[in-house]
>>> print(open('data.txt').read())   # compact mmCIF, C-alpha atoms
# COMPACT_ATOMS: atom_id res chain seq x y z
CA ALA T 28 0.00 0.00 0.00
CA GLN T 29 1.20 3.48 -0.75
CA SER T 30 1.74 6.05 1.97
CA VAL T 31 3.28 9.43 2.55
CA ALA T 32 4.75 10.82 5.78
CA GLN T 33 5.39 14.38 6.83
CA PRO T 34 7.41 13.99 10.03
CA GLU T 35 7.05 17.60 11.22
CA ASP T 36 3.74 19.09 12.32
CA GLN T 37 5.27 22.55 12.34
CA VAL T 38 8.34 24.27 10.89
CA ASN T 39 9.43 27.71 12.07
CA VAL T 40 11.85 29.81 10.00
CA ALA T 41 12.99 33.42 10.10
CA GLU T 42 12.24 35.54 7.06
CA GLY T 43 15.11 35.49 4.57
CA ASN T 44 16.43 32.13 5.74
CA PRO T 45 16.21 28.95 3.65
CA LEU T 46 13.37 26.57 4.46
CA THR T 47 12.85 22.84 4.08
CA VAL T 48 9.63 20.90 4.59
CA LYS T 49 10.22 17.16 4.72
CA CYS T 50 8.31 14.37 3.01
CA THR T 51 8.97 10.65 2.62
CA TYR T 52 6.87 8.18 0.69
CA SER T 53 6.24 4.52 0.08
CA VAL T 54 4.80 3.32 -3.22
CA SER T 55 5.38 0.43 -5.59
CA GLY T 56 6.82 1.34 -8.96
CA ASN T 57 7.76 4.82 -10.06
CA PRO T 58 5.91 7.45 -8.05
CA TYR T 59 4.29 10.67 -9.04
CA LEU T 60 4.95 13.19 -6.25
CA PHE T 61 3.18 16.46 -5.47
CA TRP T 62 3.23 19.42 -3.13
CA TYR T 63 0.10 21.44 -2.40
CA VAL T 64 -0.26 24.56 -0.22
CA GLN T 65 -3.27 25.69 1.80
CA TYR T 66 -3.55 29.33 2.86
CA PRO T 67 -5.97 30.27 5.67
CA ASN T 68 -9.65 29.86 4.76
CA ARG T 69 -8.75 28.47 1.34
CA GLY T 70 -8.63 25.09 -0.36
CA LEU T 71 -5.42 23.37 -1.40
CA GLN T 72 -3.48 24.82 -4.33
CA PHE T 73 -1.07 22.88 -6.53
CA LEU T 74 2.59 23.94 -6.10
CA LEU T 75 4.64 21.45 -8.10
CA LYS T 76 4.95 17.82 -9.17
CA TYR T 77 7.60 15.27 -10.08
CA ILE T 78 6.89 12.65 -12.72
CA THR T 79 10.20 11.87 -14.34
CA GLY T 80 13.42 13.53 -15.44
CA ASP T 81 15.44 16.06 -13.47
CA ASN T 82 15.35 15.31 -9.73
CA LEU T 83 15.02 19.02 -8.90
CA VAL T 84 11.56 20.31 -9.71
CA LYS T 85 10.69 24.00 -9.72
CA GLY T 86 7.22 25.23 -8.87
CA SER T 87 5.16 28.26 -8.01
CA TYR T 88 6.20 31.11 -5.67
CA GLY T 89 9.92 30.22 -5.86
CA PHE T 90 9.50 26.78 -4.31
CA GLU T 91 11.37 23.72 -5.49
CA ALA T 92 11.50 20.08 -4.44
CA GLU T 93 14.17 17.44 -4.72
CA PHE T 94 13.31 13.85 -5.56
CA ASN T 95 15.65 11.34 -3.91
CA LYS T 96 14.85 7.79 -4.96
CA SER T 97 17.32 6.08 -2.63
CA GLN T 98 15.92 7.89 0.40
CA THR T 99 12.32 7.84 -0.91
CA SER T 100 12.07 11.52 -0.11
CA PHE T 101 10.62 14.58 -1.81
CA HIS T 102 11.52 17.56 0.40
CA LEU T 103 10.15 21.01 -0.38
CA LYS T 104 12.66 23.86 -0.34
CA LYS T 105 12.96 27.58 -0.82
CA PRO T 106 16.24 29.55 -0.66
CA SER T 107 14.79 32.62 1.08
CA ALA T 108 11.55 32.46 3.05
CA LEU T 109 8.87 35.17 3.00
CA VAL T 110 6.29 35.90 5.70
CA SER T 111 3.65 35.29 3.02
CA ASP T 112 4.87 31.68 2.71
CA SER T 113 3.24 30.92 6.07
CA ALA T 114 0.65 28.23 5.31
CA LEU T 115 -0.12 24.52 5.57
CA TYR T 116 1.82 22.35 3.13
CA PHE T 117 0.76 18.90 1.97
CA CYS T 118 2.91 16.29 0.27
CA ALA T 119 1.13 13.71 -1.90
CA VAL T 120 2.00 10.59 -3.91
CA SER T 121 0.33 8.46 -6.54
CA PRO T 122 1.51 5.17 -8.09
CA GLY T 123 2.63 6.29 -11.50
CA TYR T 124 0.33 7.09 -14.39
CA SER T 125 -3.12 6.83 -12.90
CA SER T 126 -6.23 8.74 -11.93
CA ALA T 127 -6.06 11.68 -9.59
CA SER T 128 -8.31 9.60 -7.33
CA LYS T 129 -5.23 7.49 -6.49
CA ILE T 130 -3.39 10.42 -4.94
CA ILE T 131 -2.62 9.93 -1.24
CA PHE T 132 -1.97 13.00 0.91
CA GLY T 133 0.15 13.42 4.02
CA SER T 134 -1.09 15.02 7.23
CA GLY T 135 0.38 18.42 6.41
CA THR T 136 3.15 20.61 7.85
CA ARG T 137 2.38 24.07 9.13
CA LEU T 138 5.08 26.50 8.01
CA SER T 139 5.45 29.66 10.06
CA ILE T 140 7.77 32.43 8.86
CA ARG T 141 8.60 35.09 11.46
CA PRO T 142 9.56 38.61 10.37
CA GLU N 214 -10.14 31.68 -7.58
CA THR N 215 -9.59 28.06 -8.55
CA GLY N 216 -12.79 27.59 -10.53
CA VAL N 217 -14.33 25.37 -7.85
CA THR N 218 -17.02 26.96 -5.67
CA GLN N 219 -18.39 25.48 -2.45
CA THR N 220 -21.40 26.56 -0.40
CA PRO N 221 -21.97 27.18 2.39
CA ARG N 222 -18.60 28.28 3.78
CA HIS N 223 -19.67 27.47 7.33
CA LEU N 224 -22.37 25.14 8.66
CA VAL N 225 -23.45 24.35 12.20
CA MET N 226 -25.90 21.51 12.61
CA GLY N 227 -27.39 19.34 15.29
CA MET N 228 -27.09 15.57 15.21
CA THR N 229 -30.71 15.17 14.08
CA ASN N 230 -30.57 17.67 11.23
CA LYS N 231 -30.35 17.00 7.50
CA LYS N 232 -28.25 19.35 5.41
CA SER N 233 -26.44 19.35 2.07
CA LEU N 234 -23.12 20.72 0.90
CA LYS N 235 -22.88 22.01 -2.65
CA CYS N 236 -19.95 22.17 -5.05
CA GLU N 237 -19.76 23.57 -8.57
CA GLN N 238 -16.80 23.52 -10.93
CA HIS N 239 -16.38 25.84 -13.93
CA LEU N 240 -13.30 24.15 -15.38
CA GLY N 241 -14.90 21.64 -17.72
CA HIS N 242 -13.41 18.75 -15.75
CA ASN N 243 -14.86 15.24 -15.86
CA ALA N 244 -14.14 14.13 -12.28
CA MET N 245 -15.20 15.52 -8.91
CA TYR N 246 -14.24 14.56 -5.37
CA TRP N 247 -15.18 15.02 -1.72
CA TYR N 248 -12.36 15.13 0.81
CA LYS N 249 -12.49 15.40 4.61
CA GLN N 250 -9.79 17.48 6.31
CA SER N 251 -9.25 17.05 10.05
CA ALA N 252 -6.45 18.68 11.99
CA LYS N 253 -3.14 16.78 11.93
CA LYS N 254 -4.61 13.91 9.90
CA PRO N 255 -4.03 13.02 6.24
CA LEU N 256 -6.54 14.41 3.83
CA GLU N 257 -9.18 11.68 3.49
CA LEU N 258 -10.76 10.91 0.13
CA MET N 259 -14.47 10.21 0.69
CA PHE N 260 -16.06 9.92 -2.75
CA VAL N 261 -15.08 10.21 -6.40
CA TYR N 262 -17.28 10.69 -9.42
CA SER N 263 -15.17 10.06 -12.49
CA LEU N 264 -16.56 9.78 -16.00
CA GLU N 265 -20.01 9.67 -14.37
CA GLU N 266 -19.16 6.60 -12.31
CA ARG N 267 -19.05 6.72 -8.52
CA VAL N 268 -16.06 5.33 -6.64
CA GLU N 269 -16.46 5.06 -2.88
CA ASN N 270 -14.21 4.79 0.09
CA ASN N 271 -15.81 1.89 1.95
CA SER N 272 -14.85 3.34 5.31
CA VAL N 273 -17.17 6.37 4.89
CA PRO N 274 -20.29 6.04 7.07
CA SER N 275 -23.67 5.86 5.37
CA ARG N 276 -24.73 9.10 7.05
CA PHE N 277 -22.77 10.77 4.22
CA SER N 278 -24.47 10.44 0.83
CA PRO N 279 -23.05 11.98 -2.37
CA GLU N 280 -24.96 13.04 -5.44
CA CYS N 281 -23.55 14.09 -8.82
CA PRO N 282 -26.35 15.18 -11.17
CA ASN N 283 -23.90 16.27 -13.91
CA SER N 284 -20.19 16.76 -14.43
CA SER N 285 -20.25 20.31 -13.02
CA HIS N 286 -22.19 19.82 -9.80
CA LEU N 287 -21.59 17.70 -6.73
CA PHE N 288 -23.53 17.45 -3.48
CA LEU N 289 -22.85 15.83 -0.13
CA HIS N 290 -26.03 15.06 1.79
CA LEU N 291 -25.65 14.85 5.55
CA HIS N 292 -28.00 13.23 8.06
CA THR N 293 -27.76 12.17 11.70
CA LEU N 294 -24.12 13.22 11.92
CA GLN N 295 -21.91 12.75 14.95
CA PRO N 296 -19.68 15.34 16.67
CA GLU N 297 -16.58 13.56 15.29
CA ASP N 298 -17.79 14.44 11.80
CA SER N 299 -16.90 18.07 12.49
CA ALA N 300 -14.20 18.97 9.94
CA LEU N 301 -13.44 20.95 6.81
CA TYR N 302 -15.05 19.30 3.78
CA LEU N 303 -13.27 20.02 0.53
CA CYS N 304 -14.52 19.54 -2.99
CA ALA N 305 -12.07 19.08 -5.86
CA SER N 306 -12.13 18.43 -9.58
CA SER N 307 -9.71 17.09 -12.17
CA GLN N 308 -9.52 16.07 -15.81
CA GLU N 309 -9.25 12.30 -16.15
CA PRO N 310 -8.40 10.23 -19.25
CA SER N 311 -11.43 9.24 -21.29
CA ARG N 312 -12.58 5.64 -21.08
CA GLY N 313 -10.56 3.31 -23.30
CA GLY N 314 -7.83 5.82 -23.98
CA ARG N 315 -5.10 7.69 -22.26
CA GLY N 316 -6.50 11.09 -23.13
CA ALA N 317 -5.34 14.23 -21.41
CA THR N 318 -4.59 14.34 -17.71
CA ASN N 319 -2.07 15.99 -15.50
CA GLU N 320 -3.32 14.50 -12.24
CA LYS N 321 -3.67 17.99 -10.81
CA LEU N 322 -6.52 18.51 -8.40
CA PHE N 323 -8.32 21.85 -8.17
CA PHE N 324 -9.88 22.48 -4.75
CA GLY N 325 -12.67 24.67 -3.50
CA SER N 326 -12.31 26.69 -0.29
CA GLY N 327 -14.26 24.14 1.70
CA THR N 328 -17.20 24.02 4.08
CA GLN N 329 -16.30 24.18 7.77
CA LEU N 330 -18.80 21.85 9.43
CA SER N 331 -19.53 21.82 13.14
CA VAL N 332 -21.82 19.13 14.54
CA LEU N 333 -23.24 19.89 17.97
>>> encode(input="data.txt", output="structure tokens")
Amino acid sequence: AQSVAQPEDQVNVAEGNPLTVKCTYSVSGNPYLFWYVQYPNRGLQFLLKYITGDNLVKGSYGFEAEFNKSQTSFHLKKPSALVSDSALYFCAVSPGYSSASKIIFGSGTRLSIRP
Amino acid sequence: ETGVTQTPRHLVMGMTNKKSLKCEQHLGHNAMYWYKQSAKKPLELMFVYSLEERVENNSVPSRFSPECPNSSHLFLHLHTLQPEDSALYLCASSQEPSRGGRGATNEKLFFGSGTQLSVL
């Protein structure tokens, strides 16, 4: 069975510092990996996805994520955090080419950026 | 705006009430979903309507009943709910491959802003 883990409930970073939000996954075959962001009182918004190719994926708002097959990880990163990045971030995985209904989400990591 | 609209934004109901959540998507997608979001828990997929077929999560209690009259509208009918059903209910849509072919898909989900449900 596929699964995704976000080991940190909360990550606190000072504005201007680099940030990392961690994600590990378990899925048979070659995974499709996603990051979504949820701002207060809003639904989830797509940030980026990895399907194949370059292990470093660039997404919206200056975010990027690095796919590491040996560590089964897909950590979200940003070189310089902004206060406006404060939100709830969800990692998700699906087992290769399949329906969006097969996407499994993690429990979310709350990112807090202090001025 | 994401093109997916949910109403109402907030709902408070007693355990004996019957209410319905509404979702409408303006993206021309052929699949719609209900998710349940509870604090510090993985987002839980409740129901999927894809290519006009319903796919269920067998762990969802029967007090939740979905209805999808067409590809643009989705309802979640609620009756005799329990306090533990209090959560944010999210609707989403996506474009799925057509039956018998790979078609066009990018597996991206588009979410509404949700209905915050409180059961007293």
>>> residues_around(input="data.txt", residues="stretch 102-118 of chain T", least_positions_apart="3", cutoff="6 Å", atoms="all atoms listed in the file", output="list in words")
Glu42, Gly43, Asn44, Pro45, Leu46, Thr47, Val48, Lys49, Cys50, Phe61, Trp62, Tyr63, Val64, Gln65, Tyr66, Phe90, Glu91, Ala92, Glu93, Phe132, Gly133, Gly135, Thr136, Arg137, Leu138, Ser139 and Ile140 of chain T
>>> closest_residue(input="data.txt", among="T:Thr51, T:Ser128, T:Ser97, T:Ser30", to="chain N", atoms="only C-alpha atoms")
T:Ser128
>>> closest_atom_pairs(input="data.txt", of="chain N", to="chain T", cutoff="8 Å", atoms="all atoms listed in the file", output="tab-separated table")
residue	atom	partner	partner_atom	distance
N:Tyr246	CA	T:Ser128	CA	8.0
N:Lys253	CA	T:Ser134	CA	5.4
N:Lys254	CA	T:Ser134	CA	4.6
N:Pro255	CA	T:Ser134	CA	3.7
N:Leu256	CA	T:Phe132	CA	5.6
N:Glu257	CA	T:Phe132	CA	7.8
N:Leu258	CA	T:Ser128	CA	8.0
N:Val261	CA	T:Ser128	CA	6.9
N:Leu303	CA	T:Gly70	CA	6.9
N:Ser307	CA	T:Ala127	CA	7.0
N:Glu309	CA	T:Ser126	CA	6.3
N:Pro310	CA	T:Ser126	CA	7.8
N:Glu320	CA	T:Ala127	CA	4.7
N:Lys321	CA	T:Ala127	CA	6.9
N:Leu322	CA	T:Ala127	CA	6.9
N:Phe323	CA	T:Gln72	CA	6.9
N:Phe324	CA	T:Gly70	CA	5.3
N:Gly325	CA	T:Gly70	CA	5.1
N:Ser326	CA	T:Gly70	CA	4.0
N:Gly327	CA	T:Gly70	CA	6.1
>>> atom_distance(input="data.txt", atom1="atom CA of T:Val120", atom2="atom CA of N:Leu240")
23.4 Å
>>> residues_around(input="data.txt", residues="N:Ser233", least_positions_apart="3", cutoff="7 Å", atoms="all atoms listed in the file", output="JSON, numbers by chain")
{"N": [288, 289, 290, 291]}
>>> atom_distance(input="data.txt", atom1="atom CA of N:Ser331", atom2="atom CA of N:Arg276")
15.0 Å
